[in-house]
Structure formats: C-alpha cells, structure tokens
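The data block below is query_10.csv; it holds CSV, C-alpha atoms and all ligand atoms.
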```csv
chain,number,residue,atom,x,y,z
A,114,MET,CA,-2.6,-23.4,-7.7
A,115,ARG,CA,-5.6,-25.3,-9.0
A,116,ASP,CA,-3.7,-28.5,-9.6
A,117,PHE,CA,-2.0,-28.6,-6.3
A,118,GLY,CA,-5.0,-27.4,-4.2
A,119,VAL,CA,-3.0,-24.4,-2.8
A,120,THR,CA,-4.7,-22.8,0.2
A,121,VAL,CA,-2.2,-20.2,1.3
A,122,PHE,CA,0.2,-17.9,-0.6
A,123,HIS,CA,2.5,-15.0,0.1
A,124,ALA,CA,3.1,-12.2,-2.3
A,125,VAL,CA,3.2,-8.4,-2.9
A,126,PRO,CA,-0.4,-7.0,-2.9
A,127,SER,CA,-0.2,-5.9,-6.6
A,128,PHE,CA,0.7,-9.5,-7.5
A,129,ALA,CA,-2.4,-10.8,-5.6
A,130,LEU,CA,-4.5,-8.3,-7.6
A,131,ARG,CA,-3.0,-9.6,-10.8
A,132,LEU,CA,-3.5,-13.2,-9.8
A,133,ALA,CA,-7.2,-12.4,-9.2
A,134,GLU,CA,-7.4,-10.8,-12.6
A,135,THR,CA,-5.8,-13.8,-14.4
A,136,ALA,CA,-7.9,-16.3,-12.4
A,137,ARG,CA,-11.0,-14.5,-13.4
A,138,ARG,CA,-10.0,-14.3,-17.1
A,139,LEU,CA,-9.3,-18.0,-17.1
A,140,GLY,CA,-12.5,-18.7,-15.3
A,141,VAL,CA,-10.9,-20.7,-12.5
A,142,VAL,CA,-11.6,-18.6,-9.4
A,143,GLU,CA,-14.3,-21.1,-8.2
A,144,GLU,CA,-11.9,-24.0,-8.6
A,145,LEU,CA,-9.2,-22.4,-6.3
A,146,LYS,CA,-9.1,-23.5,-2.7
A,147,LEU,CA,-7.4,-20.4,-1.4
A,148,ARG,CA,-8.0,-19.6,2.3
A,149,LEU,CA,-5.3,-17.1,3.3
A,150,ALA,CA,-2.9,-14.6,1.7
A,151,ILE,CA,0.0,-13.0,3.6
A,152,LEU,CA,0.8,-9.8,1.7
A,153,GLY,CA,3.3,-7.1,2.1
A,154,ALA,CA,6.5,-5.4,0.9
A,155,GLU,CA,4.5,-2.8,-0.9
A,156,THR,CA,2.5,0.1,0.5
A,157,TRP,CA,-1.1,-0.9,0.4
A,158,THR,CA,-4.3,-0.1,2.2
A,159,GLU,CA,-7.4,-1.6,3.9
A,160,ALA,CA,-9.4,-0.7,0.9
A,161,MET,CA,-7.1,-2.7,-1.4
A,162,ARG,CA,-7.3,-5.6,1.1
A,163,SER,CA,-11.1,-5.8,0.8
A,164,LYS,CA,-10.7,-5.8,-3.0
A,165,ILE,CA,-8.3,-8.7,-3.0
A,166,GLU,CA,-10.3,-10.6,-0.4
A,167,GLU,CA,-13.4,-10.3,-2.4
A,168,ALA,CA,-11.8,-11.1,-5.7
A,169,LEU,CA,-10.1,-14.3,-4.5
A,170,SER,CA,-12.5,-15.3,-1.6
A,171,LEU,CA,-9.8,-15.5,1.0
A,172,GLU,CA,-8.6,-13.6,4.1
A,173,ALA,CA,-5.6,-11.4,3.6
A,174,PHE,CA,-3.1,-10.4,6.3
A,175,ASN,CA,-0.6,-7.6,6.3
A,176,ASN,CA,3.1,-8.5,6.8
A,177,TYR,CA,6.1,-6.3,7.1
A,178,GLY,CA,9.7,-7.0,6.4
A,179,PHE,CA,12.6,-5.9,4.2
A,180,ALA,CA,15.3,-7.7,2.3
A,181,GLU,CA,18.2,-6.3,4.4
A,182,VAL,CA,17.1,-8.3,7.5
A,183,CYS,CA,15.1,-11.4,6.6
A,184,GLY,CA,12.7,-10.4,4.0
A,185,PRO,CA,9.1,-10.8,5.2
A,186,GLY,CA,8.5,-11.4,8.9
A,187,VAL,CA,9.6,-8.4,11.0
A,188,ALA,CA,6.0,-7.7,11.9
A,189,VAL,CA,2.7,-9.4,11.0
A,190,GLU,CA,-1.0,-9.1,11.7
A,191,CYS,CA,-2.8,-11.5,14.0
A,192,MET,CA,-6.4,-12.5,13.6
A,193,VAL,CA,-7.6,-9.3,15.3
A,194,ARG,CA,-6.2,-7.3,12.3
A,195,GLU,CA,-5.7,-4.1,14.1
A,196,GLY,CA,-2.0,-3.4,13.6
A,197,LEU,CA,1.0,-5.6,13.1
A,198,HIS,CA,2.8,-7.4,16.0
A,199,VAL,CA,6.5,-6.8,15.9
A,200,TRP,CA,8.6,-10.0,16.6
A,201,GLU,CA,10.3,-8.2,19.5
A,202,ASP,CA,12.4,-11.1,20.5
A,203,HIS,CA,14.2,-10.7,17.2
A,204,PHE,CA,13.9,-7.0,16.4
A,205,LEU,CA,14.3,-3.8,18.3
A,206,LEU,CA,12.1,-1.3,16.6
A,207,GLU,CA,12.1,2.5,17.0
A,208,VAL,CA,10.3,5.3,15.2
A,209,VAL,CA,12.2,8.5,14.5
A,210,ASP,CA,11.6,11.8,12.8
A,211,PRO,CA,13.2,11.3,9.3
A,212,LYS,CA,14.7,14.8,9.3
A,213,THR,CA,16.3,14.9,12.8
A,214,GLY,CA,16.7,11.2,13.6
A,215,GLU,CA,15.1,11.9,17.0
A,216,GLN,CA,12.7,9.4,18.4
A,217,VAL,CA,9.0,10.3,18.2
A,218,GLY,CA,6.3,9.3,20.6
A,219,VAL,CA,3.8,6.4,20.5
A,220,GLU,CA,1.0,7.0,18.0
A,221,GLU,CA,3.3,9.6,16.2
A,222,GLU,CA,4.2,8.9,12.6
A,223,GLY,CA,7.9,8.6,11.6
A,224,GLU,CA,10.5,6.4,10.0
A,225,LEU,CA,10.9,2.9,11.2
A,226,VAL,CA,14.4,2.1,12.5
A,227,VAL,CA,15.2,-1.6,13.1
A,228,THR,CA,17.9,-3.4,15.0
A,229,PRO,CA,17.9,-7.1,14.5
A,230,LEU,CA,18.8,-8.8,17.8
A,231,THR,CA,19.5,-12.4,16.8
A,232,ARG,CA,20.8,-12.1,13.3
A,233,GLU,CA,24.3,-13.5,12.6
A,234,ALA,CA,27.0,-12.7,10.1
A,235,MET,CA,25.5,-9.4,9.0
A,236,PRO,CA,24.6,-7.3,12.0
A,237,LEU,CA,22.7,-4.0,11.5
A,238,LEU,CA,22.5,-1.3,14.1
A,239,ARG,CA,19.6,1.1,14.0
A,240,TYR,CA,18.9,0.5,10.3
A,241,ARG,CA,16.9,3.3,8.7
A,242,THR,CA,14.2,1.5,6.7
A,243,GLY,CA,12.8,4.5,4.9
A,244,ASP,CA,9.3,3.2,5.8
A,245,ILE,CA,6.7,5.5,7.5
A,246,ALA,CA,4.5,4.1,10.2
A,247,LYS,CA,3.8,4.6,13.9
A,248,LEU,CA,3.9,2.5,17.1
A,249,LEU,CA,0.4,1.8,18.3
A,250,ASP,CA,-0.6,2.6,21.9
A,251,VAL,CA,-1.6,-0.9,22.8
A,252,ARG,CA,0.1,-3.3,25.1
A,253,SER,CA,-2.3,-6.2,25.0
A,254,CYS,CA,-4.2,-7.7,22.1
A,255,ASP,CA,-7.3,-9.9,22.0
A,256,CYS,CA,-5.1,-12.6,20.4
A,257,GLY,CA,-3.2,-12.9,23.6
A,258,ARG,CA,0.2,-11.7,22.3
A,259,THR,CA,2.0,-9.0,24.2
A,260,HIS,CA,4.4,-8.0,21.5
A,261,ARG,CA,3.9,-4.3,20.6
A,262,LYS,CA,2.2,-3.3,17.4
A,263,ILE,CA,2.9,-1.0,14.5
A,264,SER,CA,0.4,0.6,12.1
A,265,TRP,CA,0.2,-0.3,8.4
A,266,ILE,CA,3.1,1.3,6.5
A,267,LYS,CA,1.8,4.6,5.2
A,268,GLY,CA,4.5,5.0,2.5
A,269,ARG,CA,8.2,5.4,2.1
A,270,VAL,CA,10.2,8.5,3.0
A,271,ASP,CA,11.0,8.8,-0.6
A,272,ASP,CA,7.6,8.1,-2.1
A,273,MET,CA,6.1,11.2,-0.7
A,274,VAL,CA,6.1,14.0,-3.3
A,275,LYS,CA,5.5,17.6,-2.7
A,276,VAL,CA,2.8,19.1,-5.0
A,277,ARG,CA,2.0,22.7,-4.6
A,278,GLY,CA,3.6,22.6,-1.2
A,279,VAL,CA,1.5,19.7,0.0
A,280,GLY,CA,2.9,16.3,0.8
A,281,LEU,CA,1.2,13.5,-1.1
A,282,TYR,CA,1.5,9.8,-0.4
A,283,PRO,CA,0.1,7.3,-3.0
A,284,SER,CA,-1.6,5.4,-0.1
A,285,ALA,CA,-4.0,8.4,0.3
A,286,VAL,CA,-5.1,8.0,-3.3
A,287,GLU,CA,-5.3,4.2,-3.1
A,288,ARG,CA,-7.7,4.3,-0.2
A,289,ILE,CA,-10.2,6.1,-2.4
A,290,VAL,CA,-9.6,4.2,-5.7
A,291,ALA,CA,-9.7,0.8,-4.1
A,292,SER,CA,-13.0,1.6,-2.2
A,293,LYS,CA,-14.8,2.0,-5.6
A,294,LYS,CA,-16.3,-1.2,-6.9
A,295,GLU,CA,-16.1,0.2,-10.5
A,296,CYS,CA,-12.3,0.4,-10.2
A,297,ASN,CA,-10.2,-2.8,-10.5
A,298,GLY,CA,-7.4,-1.5,-8.2
A,299,HIS,CA,-4.8,-0.5,-10.8
A,300,TYR,CA,-3.9,3.2,-10.7
A,301,LEU,CA,-1.0,5.5,-11.5
A,302,ILE,CA,-0.4,9.1,-10.2
A,303,VAL,CA,1.5,11.4,-12.6
A,304,VAL,CA,2.9,14.8,-11.6
A,305,ARG,CA,3.7,17.0,-14.5
A,306,ASN,CA,5.4,20.4,-14.9
A,307,LEU,CA,3.7,23.3,-13.0
A,308,ASP,CA,2.6,20.7,-10.4
A,309,GLU,CA,-0.2,19.4,-12.6
A,310,LEU,CA,-1.6,16.2,-11.1
A,311,SER,CA,-3.3,13.4,-13.0
A,312,LEU,CA,-4.6,10.1,-11.8
A,313,GLN,CA,-4.9,7.2,-14.3
A,314,VAL,CA,-7.4,4.6,-13.0
A,315,GLU,CA,-8.5,1.4,-14.6
A,316,VAL,CA,-12.2,0.7,-14.4
A,317,GLU,CA,-14.2,-2.5,-14.9
A,318,ASP,CA,-15.4,-3.3,-18.5
A,319,SER,CA,-19.1,-2.9,-17.6
A,320,THR,CA,-18.4,0.7,-16.3
A,321,MET,CA,-16.3,1.5,-19.4
A,322,LYS,CA,-19.3,1.0,-21.6
A,323,ASP,CA,-21.6,3.3,-19.6
A,324,GLY,CA,-21.0,7.0,-20.4
A,325,GLU,CA,-23.2,8.3,-17.6
A,326,GLN,CA,-21.5,6.1,-15.0
A,327,LEU,CA,-18.1,7.1,-16.2
A,328,LYS,CA,-18.8,10.8,-15.9
A,329,HIS,CA,-20.3,10.3,-12.4
A,330,LEU,CA,-17.3,8.2,-11.3
A,331,LYS,CA,-14.8,10.7,-12.6
A,332,GLU,CA,-16.5,13.6,-10.7
A,333,GLN,CA,-16.8,11.5,-7.6
A,334,LEU,CA,-13.1,10.5,-7.6
A,335,GLU,CA,-12.0,14.1,-8.2
A,336,LYS,CA,-14.2,15.4,-5.4
A,337,GLU,CA,-13.0,12.7,-2.9
A,338,LEU,CA,-9.4,13.1,-3.8
A,339,LYS,CA,-9.6,16.9,-3.3
A,340,LYS,CA,-11.1,16.4,0.1
A,341,ALA,CA,-8.6,13.7,1.2
A,342,THR,CA,-5.4,15.3,-0.2
A,343,MET,CA,-6.2,19.0,-0.5
A,344,LEU,CA,-5.0,18.7,-4.1
A,345,ARG,CA,-6.8,18.9,-7.4
A,346,PHE,CA,-6.5,15.8,-9.6
A,347,ASN,CA,-7.5,15.4,-13.2
A,348,VAL,CA,-8.8,11.8,-13.3
A,349,ASN,CA,-8.5,9.7,-16.5
A,350,LEU,CA,-10.5,6.5,-16.6
A,351,LEU,CA,-9.0,3.7,-18.6
A,352,PRO,CA,-10.1,0.2,-19.7
A,353,PRO,CA,-8.8,-2.8,-17.8
A,354,GLY,CA,-5.3,-3.7,-18.7
A,355,ALA,CA,-4.3,-0.2,-19.9
A,356,LEU,CA,-1.7,0.4,-17.2
A,357,PRO,CA,1.6,-1.5,-17.3
A,358,ARG,CA,1.7,-4.6,-15.0
A,359,SER,CA,5.0,-5.0,-13.1
A,360,THR,CA,6.5,-8.3,-12.1
A,361,GLY,CA,8.1,-6.9,-9.0
A,362,LYS,CA,7.0,-4.0,-6.8
A,363,THR,CA,4.5,-1.7,-8.5
A,364,LYS,CA,5.3,1.9,-9.1
A,365,ARG,CA,2.4,4.1,-8.1
A,366,ILE,CA,3.7,7.6,-8.8
A,367,ILE,CA,5.7,9.1,-11.6
A,368,ASP,CA,7.2,12.5,-11.2
A,369,GLU,CA,7.8,14.1,-14.6
A,370,ARG,CA,8.6,17.6,-13.4
A,371,THR,CA,11.8,19.0,-14.7
A,372,TRP,CA,11.4,22.1,-12.5
A,373,GLN,CA,10.2,21.6,-9.0
A,374,PRO,CA,9.7,24.8,-7.1
A,375,HIS,CA,8.3,23.1,-4.0
A,376,ARG,CA,10.6,20.1,-3.7
A,377,GLU,CA,12.5,20.1,-0.5
A,378,THR,CA,16.2,19.4,-0.7
B,401,ZN,ZN,-2.8,-9.8,18.3
```
Translate the structure described by the file into structure tokens.
Ligand SMILES: [Zn+2]
Amino acid sequence: MRDFGVTVFHAVPSFALRLAETARRLGVVEELKLRLAILGAETWTEAMRSKIEEALSLEAFNNYGFAEVCGPGVAVECMVREGLHVWEDHFLLEVVDPKTGEQVGVEEEGELVVTPLTREAMPLLRYRTGDIAKLLDVRSCDCGRTHRKISWIKGRVDDMVKVRGVGLYPSAVERIVASKKECNGHYLIVVRNLDELSLQVEVEDSTMKDGEQLKHLKEQLEKELKKATMLRFNVNLLPPGALPRSTGKTKRIIDERTWQPHRET
C-alpha cells in the first residue's frame, strides 16, 4: 500500500482493524495515502467504524452483499452515511419475520430476503440471507438518490444466542467495546455451561500497565453491558494480540454450552 500509494481499499472490518494494527507496529501509518475504505461482509457497528477511521485516518463506508449473488454491492452507504442504498434496479429486497416468513413493516427488524433481477445463469428467487436488518422509512436522501435504504446489519439469524432467556447479538457488545479508547477493537464473547457469560477484550498496552485504570475499565464495561443487554458479563481484559486473528470473517461468539435449557429449537 505504501509502495503503490493506495488510496482506497475494500475489506472485512476486522481485516481493516488488523491492517491498522500492523501499520502501527511497522510505523508506516503516516506514510500511507489512504482516503477511503469500503467495508462489509461482517456484522460491525458505528463505534467500530470510528475506531478504524481514526486508526487509519480515512473515511469508512458500509457495504452489504453476499457471495450467492455478486459478493459486495447489494447495498452501500452514500456520503450522507445514514443507511445503505439498495441497488433496486438489480435487487428486489424484502424483510420478513424469520420464524413465519411473513413480510414485516418498514422500520421493523427482520431477515433480509433478496431476489436478484438482472443476474443470469444462476437465478435466485426470494433468497433467505440470514441477515437481520430493517427497511428505513426514507424515500429521499440528501445525496439525491431515490433508491430505498436499509439499516446496518444487526447480526445473523444464527449469531443470536439465547442466554438466560434473553437474545444476545454480538453487535450489542461491540458497540460498547469499540466506543472505549482503551480497547483496541478485538473481543470475544464466550457462553459457558449454566449460561455463564464472559467477554474477553484486548486493551491497549498503556492501559494494561495501569492497575487502577484496568479495574475501572472492567467495572465500566460490566456496568454498560448489563444496561445494554440485560445480562451479566464477566469481563477479562487481555493484552494486545492475545485473541486469535482470523484471515477470513472473525468469530465473535463461542457457545460452549453442552446443555442449553433456553435454546429455542
Ligand atoms: Zn444517499
């Protein structure tokens, strides 16, 4: 990127975070000419966006797509950055209740169902994506486009876990973790037997050395997580690099329960 003067790249958000980490370690952030990042294909949040933008001094835009149609590019954010415009001339998009398959209303969360209109050779009809989002109640946008907009993807139908009867999406946790300057954005949720919840979070080196700050951060995270998810977490703070880095999509939640009284079938 430094040698070729790269200004724009497209990646999964966790890769952008890893790129920032590596650039910082090599001391080359200042030498990069990055301007824009188009990120998607993983569930991420506005808080994570700010973290990536700050670390790489660029503007990041959310992008939605999936391999079964065209990869990235079913919907993308414009400069206004309030929802993603669907390419409606190529895709018919519906939002349904994942249990019943019935359509839900505008501004109601559900599973995205996509029918490509112009794709050849492998047609798909009302393809269930497994992604949870909602259609936004806006018909015009300050950018001038009239294509309708969807929200950020909240999660996947299958990455919600039930803990003590409460539905938990990793994105709810990420919003809190990524908003803390002491955390570097890497985290992992682990659910153990008896619905015991733990959150492993990497913190910056400087915080790791400060016992008082660590204690305060742990308390703060546990309090905010309880408030946002209605669940009690045991937070473990780890040094940078302690959690595994993935080369593909990052796994944010591990369910180790062998007996799951609350899991719905
Ligand atoms: Zn727009």
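Counting from CA of Glu195 in chain A, the distance to CA of Ala246 in chain A is 13.7 Å.
Reported to one decimal place, the separation of CA of Leu230 in chain A from CA of Gly184 in chain A is 15.2 Å.
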Show me a table, sorted first by chain and then by increasing residue number, of the residues of chain A having an atom at most 10 Å from ligand ZN 401 (chain B), each with its shortest atom pair and the distance in Å to one decimal, counting all atoms listed in the file and written as JSON lines.
```
{"residue": "A:Val189", "atom": "CA", "partner": "B:ZN401", "partner_atom": "ZN", "distance": 9.1}
{"residue": "A:Glu190", "atom": "CA", "partner": "B:ZN401", "partner_atom": "ZN", "distance": 6.9}
{"residue": "A:Cys191", "atom": "CA", "partner": "B:ZN401", "partner_atom": "ZN", "distance": 4.6}
{"residue": "A:Met192", "atom": "CA", "partner": "B:ZN401", "partner_atom": "ZN", "distance": 6.5}
{"residue": "A:Val193", "atom": "CA", "partner": "B:ZN401", "partner_atom": "ZN", "distance": 5.7}
{"residue": "A:Arg194", "atom": "CA", "partner": "B:ZN401", "partner_atom": "ZN", "distance": 7.3}
{"residue": "A:Glu195", "atom": "CA", "partner": "B:ZN401", "partner_atom": "ZN", "distance": 7.7}
{"residue": "A:Gly196", "atom": "CA", "partner": "B:ZN401", "partner_atom": "ZN", "distance": 8.0}
{"residue": "A:Leu197", "atom": "CA", "partner": "B:ZN401", "partner_atom": "ZN", "distance": 7.7}
{"residue": "A:His198", "atom": "CA", "partner": "B:ZN401", "partner_atom": "ZN", "distance": 6.5}
{"residue": "A:Arg252", "atom": "CA", "partner": "B:ZN401", "partner_atom": "ZN", "distance": 9.8}
{"residue": "A:Ser253", "atom": "CA", "partner": "B:ZN401", "partner_atom": "ZN", "distance": 7.6}
{"residue": "A:Cys254", "atom": "CA", "partner": "B:ZN401", "partner_atom": "ZN", "distance": 4.6}
{"residue": "A:Asp255", "atom": "CA", "partner": "B:ZN401", "partner_atom": "ZN", "distance": 5.8}
{"residue": "A:Cys256", "atom": "CA", "partner": "B:ZN401", "partner_atom": "ZN", "distance": 4.2}
{"residue": "A:Gly257", "atom": "CA", "partner": "B:ZN401", "partner_atom": "ZN", "distance": 6.2}
{"residue": "A:Arg258", "atom": "CA", "partner": "B:ZN401", "partner_atom": "ZN", "distance": 5.3}
{"residue": "A:Thr259", "atom": "CA", "partner": "B:ZN401", "partner_atom": "ZN", "distance": 7.6}
{"residue": "A:His260", "atom": "CA", "partner": "B:ZN401", "partner_atom": "ZN", "distance": 8.1}
{"residue": "A:Arg261", "atom": "CA", "partner": "B:ZN401", "partner_atom": "ZN", "distance": 9.0}
{"residue": "A:Lys262", "atom": "CA", "partner": "B:ZN401", "partner_atom": "ZN", "distance": 8.2}
```
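Between CA of Leu351 in chain A and CA of Leu334 in chain A the interatomic distance comes to 13.6 Å.
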Glu335 in chain A: which residues within 12 Å, counting only C-alpha atoms, same-chain residues fewer than 6 positions away excluded, as a PDB file with C-alpha atoms, keeping the file's coordinate frame?
```pdb
ATOM      1  CA  VAL A 286      -5.100   8.000  -3.300  1.00  0.00           C
ATOM      2  CA  ILE A 289     -10.200   6.100  -2.400  1.00  0.00           C
ATOM      3  CA  VAL A 290      -9.600   4.200  -5.700  1.00  0.00           C
ATOM      4  CA  LEU A 310      -1.600  16.200 -11.100  1.00  0.00           C
ATOM      5  CA  SER A 311      -3.300  13.400 -13.000  1.00  0.00           C
ATOM      6  CA  LEU A 312      -4.600  10.100 -11.800  1.00  0.00           C
ATOM      7  CA  GLN A 313      -4.900   7.200 -14.300  1.00  0.00           C
ATOM      8  CA  VAL A 314      -7.400   4.600 -13.000  1.00  0.00           C
ATOM      9  CA  LYS A 328     -18.800  10.800 -15.900  1.00  0.00           C
ATOM     10  CA  HIS A 329     -20.300  10.300 -12.400  1.00  0.00           C
ATOM     11  CA  ALA A 341      -8.600  13.700   1.200  1.00  0.00           C
ATOM     12  CA  THR A 342      -5.400  15.300  -0.200  1.00  0.00           C
ATOM     13  CA  MET A 343      -6.200  19.000  -0.500  1.00  0.00           C
ATOM     14  CA  LEU A 344      -5.000  18.700  -4.100  1.00  0.00           C
ATOM     15  CA  ARG A 345      -6.800  18.900  -7.400  1.00  0.00           C
ATOM     16  CA  PHE A 346      -6.500  15.800  -9.600  1.00  0.00           C
ATOM     17  CA  ASN A 347      -7.500  15.400 -13.200  1.00  0.00           C
ATOM     18  CA  VAL A 348      -8.800  11.800 -13.300  1.00  0.00           C
ATOM     19  CA  ASN A 349      -8.500   9.700 -16.500  1.00  0.00           C
ATOM     20  CA  LEU A 350     -10.500   6.500 -16.600  1.00  0.00           C
TER      21      LEU A 350
END
```
Set out as CSV a contact list for range 157-228 of chain A and range 130-141 of chain A with a cut-off of 7 Å, giving each residue of range 157-228 of chain A that qualifies its closest atom pair and distance in Å to one decimal, counting only C-alpha atoms, ordered by chain and rising residue number.
```
residue,atom,partner,partner_atom,distance
A:Ile165,CA,A:Leu130,CA,6.0
A:Ala168,CA,A:Ala133,CA,5.9
A:Leu169,CA,A:Ala133,CA,5.8
```
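For Lys362 in chain A, the non-local neighbours within 9 Å, defined as residues at least 3 positions apart in the same chain or in other chains and counting all atoms listed in the file, are Val125, Pro126, Ser127, Phe128, Ala154, Glu155 and Ser359 of chain A.
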Practice task
Could you pull out every residue with an atom within 10 Å of (10.2, 15.2, -14.8), file coordinates, counting only C-alpha atoms, and send them as a VMD selection string?
Solution key: chain A and resid 303 to 306 367 to 373
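For the choices A:Gly118, A:Glu233, A:Arg241, A:Arg148, the atom-to-atom distance to Phe179 in chain A is smallest for A:Arg241 when using all atoms listed in the file.
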Exercise for the section: Counting only C-alpha atoms, figure out which residue out of A:Phe122, A:Trp157, A:Tyr177, A:Phe117 gets nearest to Trp200 in chain A. Expected result: A:Tyr177
Problem - Near-Glu181 in chain A list (12 Å; only C-alpha atoms; drop same-chain fewer than 5 positions) as an MDAnalysis selection string - result: chainID A and resid 186:187 227:229 232 235:238 240:242
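Take the candidates A:Gly178, A:Gly218, A:Pro185, A:Pro352 and check each one against Glu295 in chain A using all atoms listed in the file; the shortest distance goes to A:Pro352.
Here the question is which of A:Gly153, A:Gly298, A:Pro357, A:Gly214 gets nearest to Ile266 in chain A using all atoms listed in the file, and that residue is A:Gly153.
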Fill in the blank from the handout: Restricting to all atoms listed in the file, whichever of A:Ile302, A:Leu327, A:Ala129, A:Leu281 is closest to Leu147 in chain A is A:Ala129
Problem - Non-local contacts of Ala173 in chain A (9 Å; all atoms listed in the file; under 3 positions in same chain excluded) as a PyMOL selection string - result: chain A and resi 148-152+162-163+165-166
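The smallest atom-to-atom distance between Glu201 in chain A and any of A:Glu287, A:Lys146, A:Ala188, A:Pro353, using only C-alpha atoms, is found for A:Ala188.
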Problem - Sel. within 8 Å of pt (14.8, 3.6, 18.2), counting all atoms listed in the file, output as a ChimeraX atom specification - result: /A:205-209,216,226-227,239
Select range 247-258 of chain A in the preceding structure and write N, CA, C and O atoms to a file as a PDB file, in the first residue's frame.
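For reference, selection-v1.pdb as written:
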```pdb
ATOM      1  N   LYS A 247     -33.401  -3.723   8.851  1.00  0.00           N
ATOM      2  CA  LYS A 247     -34.741  -3.209   8.577  1.00  0.00           C
ATOM      3  C   LYS A 247     -34.705  -2.237   7.406  1.00  0.00           C
ATOM      4  O   LYS A 247     -33.670  -1.640   7.114  1.00  0.00           O
ATOM      5  N   LEU A 248     -35.860  -2.092   6.755  1.00  0.00           N
ATOM      6  CA  LEU A 248     -36.001  -1.080   5.704  1.00  0.00           C
ATOM      7  C   LEU A 248     -36.228   0.247   6.405  1.00  0.00           C
ATOM      8  O   LEU A 248     -37.022   0.329   7.337  1.00  0.00           O
ATOM      9  N   LEU A 249     -35.524   1.284   5.983  1.00  0.00           N
ATOM     10  CA  LEU A 249     -35.685   2.581   6.630  1.00  0.00           C
ATOM     11  C   LEU A 249     -36.838   3.343   5.990  1.00  0.00           C
ATOM     12  O   LEU A 249     -37.106   3.202   4.797  1.00  0.00           O
ATOM     13  N   ASP A 250     -37.484   4.153   6.817  1.00  0.00           N
ATOM     14  CA  ASP A 250     -38.636   4.911   6.346  1.00  0.00           C
ATOM     15  C   ASP A 250     -38.189   6.227   5.704  1.00  0.00           C
ATOM     16  O   ASP A 250     -38.510   7.295   6.186  1.00  0.00           O
ATOM     17  N   VAL A 251     -37.387   6.116   4.662  1.00  0.00           N
ATOM     18  CA  VAL A 251     -36.965   7.328   3.942  1.00  0.00           C
ATOM     19  C   VAL A 251     -37.069   7.059   2.455  1.00  0.00           C
ATOM     20  O   VAL A 251     -36.726   5.990   1.979  1.00  0.00           O
ATOM     21  N   ARG A 252     -37.578   8.030   1.726  1.00  0.00           N
ATOM     22  CA  ARG A 252     -37.715   7.859   0.280  1.00  0.00           C
ATOM     23  C   ARG A 252     -36.809   8.816  -0.475  1.00  0.00           C
ATOM     24  O   ARG A 252     -36.611   8.716  -1.673  1.00  0.00           O
ATOM     25  N   SER A 253     -36.288   9.810   0.237  1.00  0.00           N
ATOM     26  CA  SER A 253     -35.342  10.697  -0.439  1.00  0.00           C
ATOM     27  C   SER A 253     -34.129  10.835   0.464  1.00  0.00           C
ATOM     28  O   SER A 253     -34.203  10.615   1.664  1.00  0.00           O
ATOM     29  N   CYS A 254     -33.018  11.195  -0.151  1.00  0.00           N
ATOM     30  CA  CYS A 254     -31.777  11.289   0.606  1.00  0.00           C
ATOM     31  C   CYS A 254     -31.057  12.550   0.152  1.00  0.00           C
ATOM     32  O   CYS A 254     -31.184  12.950  -1.006  1.00  0.00           O
ATOM     33  N   ASP A 255     -30.319  13.159   1.035  1.00  0.00           N
ATOM     34  CA  ASP A 255     -29.599  14.390   0.689  1.00  0.00           C
ATOM     35  C   ASP A 255     -28.594  14.187  -0.446  1.00  0.00           C
ATOM     36  O   ASP A 255     -28.144  15.144  -1.054  1.00  0.00           O
ATOM     37  N   CYS A 256     -28.246  12.941  -0.732  1.00  0.00           N
ATOM     38  CA  CYS A 256     -27.291  12.696  -1.824  1.00  0.00           C
ATOM     39  C   CYS A 256     -27.986  12.752  -3.182  1.00  0.00           C
ATOM     40  O   CYS A 256     -27.337  12.774  -4.212  1.00  0.00           O
ATOM     41  N   GLY A 257     -29.355  12.759  -3.183  1.00  0.00           N
ATOM     42  CA  GLY A 257     -30.100  12.842  -4.433  1.00  0.00           C
ATOM     43  C   GLY A 257     -30.615  11.503  -4.925  1.00  0.00           C
ATOM     44  O   GLY A 257     -31.493  11.452  -5.788  1.00  0.00           O
ATOM     45  N   ARG A 258     -30.117  10.424  -4.381  1.00  0.00           N
ATOM     46  CA  ARG A 258     -30.588   9.105  -4.827  1.00  0.00           C
ATOM     47  C   ARG A 258     -31.967   8.820  -4.247  1.00  0.00           C
ATOM     48  O   ARG A 258     -32.283   9.254  -3.137  1.00  0.00           O
TER      49      ARG A 258
END
```
